[in-house]
>>> print(open('coords.cif').read())   # mmCIF, N, CA and C atoms and all ligand atoms
data_protein
loop_
_atom_site.label_atom_id
_atom_site.label_comp_id
_atom_site.auth_asym_id
_atom_site.auth_seq_id
_atom_site.Cartn_x
_atom_site.Cartn_y
_atom_site.Cartn_z
N MET F 1494 8.17 3.01 11.07
CA MET F 1494 7.70 1.66 10.76
C MET F 1494 8.87 0.79 10.28
N THR F 1495 9.00 -0.39 10.84
CA THR F 1495 10.06 -1.30 10.41
C THR F 1495 9.58 -2.09 9.19
N CYS F 1496 10.52 -2.73 8.53
CA CYS F 1496 10.17 -3.54 7.35
C CYS F 1496 9.23 -4.68 7.77
N GLU F 1497 9.48 -5.21 8.94
CA GLU F 1497 8.62 -6.30 9.41
C GLU F 1497 7.18 -5.81 9.58
N ASP F 1498 7.05 -4.64 10.19
CA ASP F 1498 5.72 -4.05 10.36
C ASP F 1498 5.07 -3.79 8.99
N ALA F 1499 5.89 -3.29 8.09
CA ALA F 1499 5.37 -2.96 6.77
C ALA F 1499 4.83 -4.21 6.07
N HIS F 1500 5.55 -5.31 6.18
CA HIS F 1500 5.09 -6.54 5.54
C HIS F 1500 3.77 -7.00 6.14
N LEU F 1501 3.68 -6.93 7.46
CA LEU F 1501 2.44 -7.33 8.12
C LEU F 1501 1.29 -6.42 7.70
N ASN F 1502 1.57 -5.11 7.71
CA ASN F 1502 0.52 -4.16 7.36
C ASN F 1502 0.08 -4.30 5.92
N MET F 1503 1.02 -4.67 5.06
CA MET F 1503 0.68 -4.81 3.64
C MET F 1503 -0.42 -5.84 3.43
N HIS F 1504 -0.30 -6.95 4.12
CA HIS F 1504 -1.30 -8.00 3.94
C HIS F 1504 -2.68 -7.50 4.39
N ASP F 1505 -2.68 -6.81 5.52
CA ASP F 1505 -3.95 -6.26 6.01
C ASP F 1505 -4.47 -5.19 5.06
N TYR F 1506 -3.56 -4.42 4.55
CA TYR F 1506 -3.93 -3.34 3.63
C TYR F 1506 -4.60 -3.90 2.38
N ILE F 1507 -3.98 -4.93 1.83
CA ILE F 1507 -4.49 -5.52 0.59
C ILE F 1507 -5.83 -6.19 0.82
N SER F 1508 -6.00 -6.77 2.00
CA SER F 1508 -7.28 -7.42 2.28
C SER F 1508 -8.30 -6.42 2.83
N GLY F 1509 -7.90 -5.17 2.96
CA GLY F 1509 -8.84 -4.14 3.38
C GLY F 1509 -9.06 -4.08 4.88
N GLU F 1510 -8.18 -4.74 5.63
CA GLU F 1510 -8.38 -4.81 7.08
C GLU F 1510 -7.50 -3.83 7.85
N LEU F 1511 -6.65 -3.13 7.14
CA LEU F 1511 -5.76 -2.20 7.83
C LEU F 1511 -6.50 -0.90 8.15
N ALA F 1512 -6.41 -0.49 9.40
CA ALA F 1512 -7.07 0.75 9.81
C ALA F 1512 -6.52 1.93 9.02
N ALA F 1513 -7.39 2.86 8.70
CA ALA F 1513 -7.03 3.98 7.84
C ALA F 1513 -5.83 4.77 8.38
N GLU F 1514 -5.71 4.82 9.69
CA GLU F 1514 -4.62 5.61 10.27
C GLU F 1514 -3.24 5.02 9.96
N TYR F 1515 -3.21 3.75 9.54
CA TYR F 1515 -1.92 3.11 9.23
C TYR F 1515 -1.60 3.16 7.74
N HIS F 1516 -2.54 3.65 6.94
CA HIS F 1516 -2.30 3.68 5.49
C HIS F 1516 -1.12 4.58 5.15
N ARG F 1517 -1.14 5.79 5.70
CA ARG F 1517 -0.10 6.76 5.35
C ARG F 1517 1.29 6.30 5.81
N PRO F 1518 1.44 5.83 7.06
CA PRO F 1518 2.77 5.33 7.47
C PRO F 1518 3.27 4.20 6.57
N LEU F 1519 2.35 3.32 6.17
CA LEU F 1519 2.75 2.22 5.29
C LEU F 1519 3.20 2.76 3.94
N LEU F 1520 2.42 3.68 3.38
CA LEU F 1520 2.77 4.23 2.07
C LEU F 1520 4.08 5.01 2.14
N ASP F 1521 4.27 5.71 3.26
CA ASP F 1521 5.53 6.44 3.42
C ASP F 1521 6.71 5.46 3.45
N HIS F 1522 6.52 4.34 4.14
CA HIS F 1522 7.59 3.36 4.21
C HIS F 1522 7.87 2.79 2.81
N LEU F 1523 6.82 2.49 2.07
CA LEU F 1523 7.00 1.95 0.72
C LEU F 1523 7.74 2.94 -0.16
N ASP F 1524 7.47 4.20 0.10
CA ASP F 1524 8.12 5.25 -0.69
C ASP F 1524 9.62 5.27 -0.43
N GLU F 1525 10.00 4.94 0.80
CA GLU F 1525 11.41 5.06 1.22
C GLU F 1525 12.18 3.76 1.08
N CYS F 1526 11.48 2.64 1.01
CA CYS F 1526 12.14 1.34 1.13
C CYS F 1526 11.95 0.51 -0.15
N PRO F 1527 12.96 0.42 -0.97
CA PRO F 1527 12.85 -0.34 -2.23
C PRO F 1527 12.50 -1.81 -2.02
N ASN F 1528 13.02 -2.40 -0.95
CA ASN F 1528 12.74 -3.81 -0.70
C ASN F 1528 11.27 -4.06 -0.45
N CYS F 1529 10.69 -3.22 0.40
CA CYS F 1529 9.28 -3.37 0.71
C CYS F 1529 8.41 -3.01 -0.49
N ARG F 1530 8.87 -2.02 -1.26
CA ARG F 1530 8.12 -1.62 -2.45
C ARG F 1530 8.05 -2.80 -3.43
N GLU F 1531 9.17 -3.49 -3.58
CA GLU F 1531 9.20 -4.63 -4.49
C GLU F 1531 8.29 -5.74 -3.96
N PHE F 1532 8.35 -5.93 -2.65
CA PHE F 1532 7.50 -6.96 -2.03
C PHE F 1532 6.02 -6.61 -2.24
N PHE F 1533 5.70 -5.34 -2.03
CA PHE F 1533 4.33 -4.89 -2.21
C PHE F 1533 3.87 -5.10 -3.64
N LYS F 1534 4.77 -4.80 -4.56
CA LYS F 1534 4.44 -4.93 -5.98
C LYS F 1534 4.16 -6.39 -6.32
N GLN F 1535 4.95 -7.27 -5.72
CA GLN F 1535 4.76 -8.69 -5.99
C GLN F 1535 3.51 -9.23 -5.31
N THR F 1536 3.15 -8.62 -4.21
CA THR F 1536 2.02 -9.12 -3.43
C THR F 1536 0.69 -8.67 -4.01
N THR F 1537 0.71 -7.55 -4.64
CA THR F 1537 -0.54 -7.02 -5.17
C THR F 1537 -0.33 -6.59 -6.61
N ASN F 1538 -1.29 -5.92 -7.16
CA ASN F 1538 -1.15 -5.28 -8.46
C ASN F 1538 -2.14 -4.13 -8.50
N ILE F 1539 -2.04 -3.32 -9.52
CA ILE F 1539 -2.85 -2.10 -9.53
C ILE F 1539 -4.35 -2.43 -9.53
N GLN F 1540 -4.71 -3.47 -10.24
CA GLN F 1540 -6.14 -3.77 -10.30
C GLN F 1540 -6.69 -4.15 -8.94
N THR F 1541 -5.94 -5.00 -8.21
CA THR F 1541 -6.38 -5.37 -6.87
C THR F 1541 -6.47 -4.14 -6.00
N THR F 1542 -5.45 -3.30 -6.09
CA THR F 1542 -5.41 -2.11 -5.26
C THR F 1542 -6.58 -1.19 -5.58
N MET F 1543 -6.82 -0.97 -6.85
CA MET F 1543 -7.89 -0.07 -7.22
C MET F 1543 -9.25 -0.64 -6.82
N ARG F 1544 -9.40 -1.93 -6.93
CA ARG F 1544 -10.65 -2.56 -6.51
C ARG F 1544 -10.87 -2.30 -5.03
N ASP F 1545 -9.81 -2.48 -4.24
CA ASP F 1545 -9.92 -2.24 -2.81
C ASP F 1545 -10.23 -0.78 -2.53
N PHE F 1546 -9.63 0.09 -3.29
CA PHE F 1546 -9.89 1.52 -3.09
C PHE F 1546 -11.35 1.82 -3.32
N MET F 1547 -11.91 1.24 -4.38
CA MET F 1547 -13.30 1.53 -4.69
C MET F 1547 -14.20 0.97 -3.59
N GLN F 1548 -13.80 -0.20 -3.12
CA GLN F 1548 -14.60 -0.84 -2.08
C GLN F 1548 -14.56 -0.04 -0.79
N TYR F 1549 -13.39 0.49 -0.46
CA TYR F 1549 -13.24 1.16 0.83
C TYR F 1549 -13.22 2.68 0.70
N GLU F 1550 -13.40 3.16 -0.53
CA GLU F 1550 -13.51 4.59 -0.75
C GLU F 1550 -12.34 5.38 -0.14
N ALA F 1551 -11.14 4.92 -0.49
CA ALA F 1551 -9.95 5.65 -0.05
C ALA F 1551 -9.94 7.03 -0.70
N PRO F 1552 -9.37 7.99 0.00
CA PRO F 1552 -9.27 9.32 -0.58
C PRO F 1552 -8.48 9.30 -1.88
N PHE F 1553 -8.84 10.19 -2.77
CA PHE F 1553 -8.16 10.25 -4.07
C PHE F 1553 -6.66 10.40 -3.90
N GLU F 1554 -6.27 11.18 -2.91
CA GLU F 1554 -4.85 11.42 -2.64
C GLU F 1554 -4.11 10.10 -2.38
N LEU F 1555 -4.77 9.21 -1.67
CA LEU F 1555 -4.18 7.92 -1.34
C LEU F 1555 -4.08 7.04 -2.59
N GLN F 1556 -5.11 7.07 -3.42
CA GLN F 1556 -5.08 6.30 -4.66
C GLN F 1556 -3.91 6.77 -5.53
N THR F 1557 -3.74 8.08 -5.60
CA THR F 1557 -2.66 8.63 -6.40
C THR F 1557 -1.31 8.21 -5.85
N ALA F 1558 -1.17 8.22 -4.52
CA ALA F 1558 0.09 7.84 -3.89
C ALA F 1558 0.44 6.40 -4.21
N VAL F 1559 -0.52 5.50 -4.11
CA VAL F 1559 -0.25 4.10 -4.36
C VAL F 1559 0.04 3.86 -5.84
N SER F 1560 -0.71 4.49 -6.70
CA SER F 1560 -0.47 4.34 -8.13
C SER F 1560 0.95 4.79 -8.47
N SER F 1561 1.36 5.88 -7.86
CA SER F 1561 2.69 6.41 -8.09
C SER F 1561 3.77 5.46 -7.57
N ILE F 1562 3.54 4.87 -6.40
CA ILE F 1562 4.50 3.92 -5.84
C ILE F 1562 4.60 2.69 -6.74
N LEU F 1563 3.48 2.19 -7.18
CA LEU F 1563 3.50 1.00 -8.03
C LEU F 1563 4.16 1.31 -9.37
N ALA F 1564 3.95 2.50 -9.87
CA ALA F 1564 4.52 2.87 -11.16
C ALA F 1564 6.04 3.00 -11.05
N ASN F 1565 6.53 3.40 -9.89
CA ASN F 1565 7.97 3.61 -9.70
C ASN F 1565 8.69 2.37 -9.19
N ALA F 1566 7.95 1.37 -8.78
CA ALA F 1566 8.57 0.20 -8.14
C ALA F 1566 9.39 -0.58 -9.16
ZN ZN N 1 11.02 -1.82 4.33
#
>>> encode(input="coords.cif", output="structure tokens")
Amino acid sequence: MTCEDAHLNMHDYISGELAAEYHRPLLDHLDECPNCREFFKQTTNIQTTMRDFMQYEAPFELQTAVSSILANA
């Protein structure tokens, strides 16, 4: 995934429109890319993310991954 793709996917992810199959590639990119991680952090926050998780019932593993990324950003 390129940074450009990651930025596009982030917006869909935050609005809950990103297909589940793209969640992991996006999170992997955020894990590897400080620039995108910072962008993601600025674009969202834990509360928004957790609200979306509850709404879309993301797997616990995914919630943990995002919480960890946000905590390390
Ligand atoms: Zn990036």
>>> closest_residue(input="coords.cif", among="F:Val1559, F:Ala1499, F:Ala1513, F:Ala1564", to="F:Cys1529", atoms="only N, CA and C atoms")
F:Ala1499
>>> residues_around(input="coords.cif", residues="F:Met1494", least_positions_apart="6", cutoff="9 Å", atoms="only C-alpha atoms", output="list in words")
Pro1518, Leu1519 and His1522 of chain F
>>> atom_distance(input="coords.cif", atom1="atom CA of F:Glu1514", atom2="atom CA of F:Gln1535")
23.6 Å
>>> atom_distance(input="coords.cif", atom1="atom CA of F:His1504", atom2="atom C of F:Ser1561")
18.4 Å
>>> residues_around(input="coords.cif", residues="F:Phe1533", least_positions_apart="5", cutoff="8 Å", atoms="all atoms listed in the file", output="ChimeraX atom specification")
/F:1500,1503,1523,1527-1528,1538,1563
>>> closest_residue(input="coords.cif", among="F:Ala1512, F:Tyr1506, F:Leu1520, F:Arg1530", to="ligand ZN 1 (chain N)", atoms="all atoms listed in the file")
F:Arg1530
>>> atom_distance(input="coords.cif", atom1="atom CA of F:Glu1554", atom2="atom N of F:Cys1496")
23.7 Å
>>> closest_residue(input="coords.cif", among="F:Cys1526, F:Asp1505, F:Arg1517, F:Glu1510", to="ligand ZN 1 (chain N)", atoms="only N, CA and C atoms and all ligand atoms")
F:Cys1526
>>> axis_aligned_box(input="coords.cif", around="stretch 1532-1537 of chain F", padding_each_side="4 Å", output="JSON")
{"center_x": 3.9, "center_y": -7.0, "center_z": -4.3, "size_x": 16.9, "size_y": 12.4, "size_z": 12.6}
>>> closest_residue(input="coords.cif", among="F:Asn1502, F:Thr1536, F:Tyr1515, F:Glu1525", to="ligand ZN 1 (chain N)", atoms="only N, CA and C atoms and all ligand atoms")
F:Glu1525
